[in-house]
Amino acid sequence: MISGVILFPGAGTNANHQSLVAIENHLKQSQPTLNVRRVDFAYRIAGKSFPDRAPVLIETVRNAVLDAAKDWGCATNQIVIGGRSMGGRMCSMAVAETERKLDVAALVCICYPLHPPKQPEKLRTDHLPRVNVETLFVSGTRDEFGTVDEIKNATATIGGSVTHKWIQDARHDLKNRDDEVAELVAHWIMALPS
């Protein structure tokens, strides 16, 4: 049974980004008793614009999950984690850690930043084969951080079940598509096996 969902923002935004708020609202409409928490990374709270290094960001994800499990009175494997762009990527890296593996129910990656724009050789995929939970990827079909084919190929290495949802003609920012994305994410989470 899913006890809650934790959402993390992309590098240039914070936890109050309208897309994360839209996902929370759709989840609450689907399941009013579901716990939902939006979490900022420490660099944003400190007023910095540039993200910390990955180990620091991953630790934020880990601590947020452990805190939520304690607050909600559930196991970490009853919590779905995910986020936009860098937030989703950091969640996937936390799940993929071998020594301190984070055991969660499922993973949601919205606009996964597969590589920097116009640099397809700089793939951010080394950890993906170690992801072994159900995972949802939501991306625009014109995302400059990863084409449809690139994302399909990269995520084929994931050990858990993978679902792809494509937002037609959308770029990395998924501009003006928040409700559409939120509905897809909420529906997928609500359909997870209990």
# chains A, B, ... in the order shown; residues from 1 in each chain; ligands from 1
>>> select_by_dssp(residues="chain A", states="strand (DSSP E)", output="VMD selection string")
chain A and resid 4 to 8 35 to 38 79 to 84 106 to 110 134 to 140 162 to 167
>>> atom_distance(atom1="CA of Gln18 in chain A", atom2="CA of Ala170 in chain A")
16.4 Å
>>> closest_residue(among="A:Ile110, A:Val56, A:Met1, A:Leu27", to="Thr76 in chain A", atoms="only C-alpha atoms")
A:Met1
>>> atom_distance(atom1="CA of Ile6 in chain A", atom2="CA of Phe137 in chain A")
15.8 Å
>>> closest_residue(among="A:Phe50, A:Trp72, A:Phe41, A:Tyr112", to="Leu136 in chain A", atoms="only C-alpha atoms")
A:Tyr112
>>> closest_residue(among="A:Ile23, A:Val36, A:Ile58, A:Ala11", to="Ala182 in chain A", atoms="only C-alpha atoms")
A:Ile23
>>> residues_around(residues="Arg130 in chain A", least_positions_apart="3", cutoff="10 Å", atoms="only C-alpha atoms", output="list of chain:residue names")
A:Ser92, A:Met93, A:Val95, A:Ala96, A:Glu97, A:Thr98, A:Lys101, A:Asp126, A:His127, A:Val133, A:Thr157, A:Ile158, A:Gly159, A:Gly160
>>> write_last_selection(atoms="N, CA and C atoms", output="compact mmCIF listing (two decimals), in the first residue's frame")
# COMPACT_ATOMS: atom_id res chain seq x y z
N SER A 92 16.51 8.84 -8.70
CA SER A 92 16.94 7.59 -9.35
C SER A 92 18.32 7.18 -8.85
N MET A 93 19.20 8.14 -8.61
CA MET A 93 20.54 7.83 -8.11
C MET A 93 20.48 7.33 -6.66
N VAL A 95 18.02 5.64 -5.36
CA VAL A 95 17.48 4.28 -5.45
C VAL A 95 18.56 3.31 -5.95
N ALA A 96 19.48 3.81 -6.78
CA ALA A 96 20.49 2.95 -7.40
C ALA A 96 21.73 2.73 -6.55
N GLU A 97 21.87 3.47 -5.45
CA GLU A 97 23.07 3.31 -4.62
C GLU A 97 23.18 1.86 -4.14
N THR A 98 24.38 1.33 -4.18
CA THR A 98 24.56 -0.07 -3.81
C THR A 98 24.80 -0.25 -2.31
N LYS A 101 21.43 1.53 -0.29
CA LYS A 101 20.26 1.48 -1.17
C LYS A 101 19.02 2.02 -0.47
N ASP A 126 24.82 5.86 -16.07
CA ASP A 126 25.61 4.77 -15.48
C ASP A 126 24.86 4.03 -14.38
N HIS A 127 24.05 4.75 -13.62
CA HIS A 127 23.37 4.15 -12.47
C HIS A 127 22.07 3.44 -12.85
N VAL A 133 13.09 -0.66 -9.21
CA VAL A 133 11.71 -0.44 -8.78
C VAL A 133 10.89 -0.01 -9.99
N THR A 157 17.69 -0.47 -19.73
CA THR A 157 18.63 -1.15 -18.84
C THR A 157 18.10 -1.26 -17.41
N ILE A 158 17.01 -0.59 -17.10
CA ILE A 158 16.46 -0.59 -15.74
C ILE A 158 15.89 -1.96 -15.41
N GLY A 159 16.19 -2.42 -14.19
CA GLY A 159 15.76 -3.75 -13.77
C GLY A 159 14.28 -3.85 -13.47
N GLY A 160 13.69 -2.78 -12.96
CA GLY A 160 12.26 -2.80 -12.65
C GLY A 160 11.41 -2.48 -13.87
>>> closest_residue(among="A:Asn35, A:Asn77, A:Ser85, A:Thr13", to="Gly47 in chain A", atoms="only C-alpha atoms")
A:Thr13
>>> residues_around(residues="Ala22 in chain A", least_positions_apart="6", cutoff="10 Å", atoms="only C-alpha atoms", output="list in words")
Asn16, Lys28, Asp178, Asp179, Glu180, Val181, Ala182, Glu183 and Ala186 of chain A
>>> residues_around(residues="Gly12 in chain A", least_positions_apart="4", cutoff="9 Å", atoms="only C-alpha atoms", output="number ranges by chain")
A: 44, 49-51
>>> write_last_selection(atoms="N, CA and C atoms", output="PDB file, in the first residue's frame")
ATOM      1  N   ARG A  44      18.842  25.592  -2.467  1.00  0.00           N
ATOM      2  CA  ARG A  44      17.741  26.515  -2.745  1.00  0.00           C
ATOM      3  C   ARG A  44      17.295  27.215  -1.467  1.00  0.00           C
ATOM      4  N   SER A  49      21.802  29.651  -6.338  1.00  0.00           N
ATOM      5  CA  SER A  49      21.154  29.286  -7.605  1.00  0.00           C
ATOM      6  C   SER A  49      21.784  28.051  -8.242  1.00  0.00           C
ATOM      7  N   PHE A  50      23.005  27.702  -7.812  1.00  0.00           N
ATOM      8  CA  PHE A  50      23.689  26.562  -8.420  1.00  0.00           C
ATOM      9  C   PHE A  50      23.619  25.352  -7.501  1.00  0.00           C
ATOM     10  N   PRO A  51      23.244  24.179  -8.022  1.00  0.00           N
ATOM     11  CA  PRO A  51      23.072  22.981  -7.182  1.00  0.00           C
ATOM     12  C   PRO A  51      24.361  22.509  -6.525  1.00  0.00           C
TER      13      PRO A  51
END
>>> residues_around(residues="Asn153 in chain A", least_positions_apart="4", cutoff="12 Å", atoms="only C-alpha atoms", output="VMD selection string")
chain A and resid 114 123 125 128 to 129 146 to 149 157 to 158 162 164
>>> write_last_selection(atoms="C-alpha atoms", output="mmCIF file, in the first residue's frame")
data_model
loop_
_atom_site.group_PDB
_atom_site.id
_atom_site.type_symbol
_atom_site.label_atom_id
_atom_site.label_comp_id
_atom_site.auth_asym_id
_atom_site.auth_seq_id
_atom_site.Cartn_x
_atom_site.Cartn_y
_atom_site.Cartn_z
ATOM 1 C CA LEU A 114 19.497 12.232 -20.032
ATOM 2 C CA LEU A 123 24.958 10.525 -20.895
ATOM 3 C CA THR A 125 22.906 6.751 -17.310
ATOM 4 C CA LEU A 128 20.189 3.197 -14.356
ATOM 5 C CA PRO A 129 20.878 -0.580 -14.522
ATOM 6 C CA GLY A 146 16.861 13.495 -24.454
ATOM 7 C CA THR A 147 14.947 12.337 -27.515
ATOM 8 C CA VAL A 148 12.226 9.696 -27.345
ATOM 9 C CA ASP A 149 14.591 7.051 -28.776
ATOM 10 C CA THR A 157 18.634 -1.149 -18.840
ATOM 11 C CA ILE A 158 16.464 -0.589 -15.742
ATOM 12 C CA VAL A 162 9.334 0.952 -16.811
ATOM 13 C CA HIS A 164 6.866 5.853 -20.607
#
>>> closest_residue(among="A:Arg38, A:Ala154, A:Phe145, A:Tyr43", to="Gln119 in chain A", atoms="only C-alpha atoms")
A:Phe145
>>> closest_residue(among="A:Thr60, A:Arg177, A:Glu24, A:Asn14", to="Lys48 in chain A", atoms="only C-alpha atoms")
A:Asn14
>>> residues_around(residues="Cys109 in chain A", least_positions_apart="6", cutoff="12 Å", atoms="only C-alpha atoms", output="VMD selection string")
chain A and resid 6 to 10 80 to 93 128 134 to 139 151 155 162 to 165 181 185
>>> atom_distance(atom1="CA of Val65 in chain A", atom2="CA of Asn176 in chain A")
29.4 Å
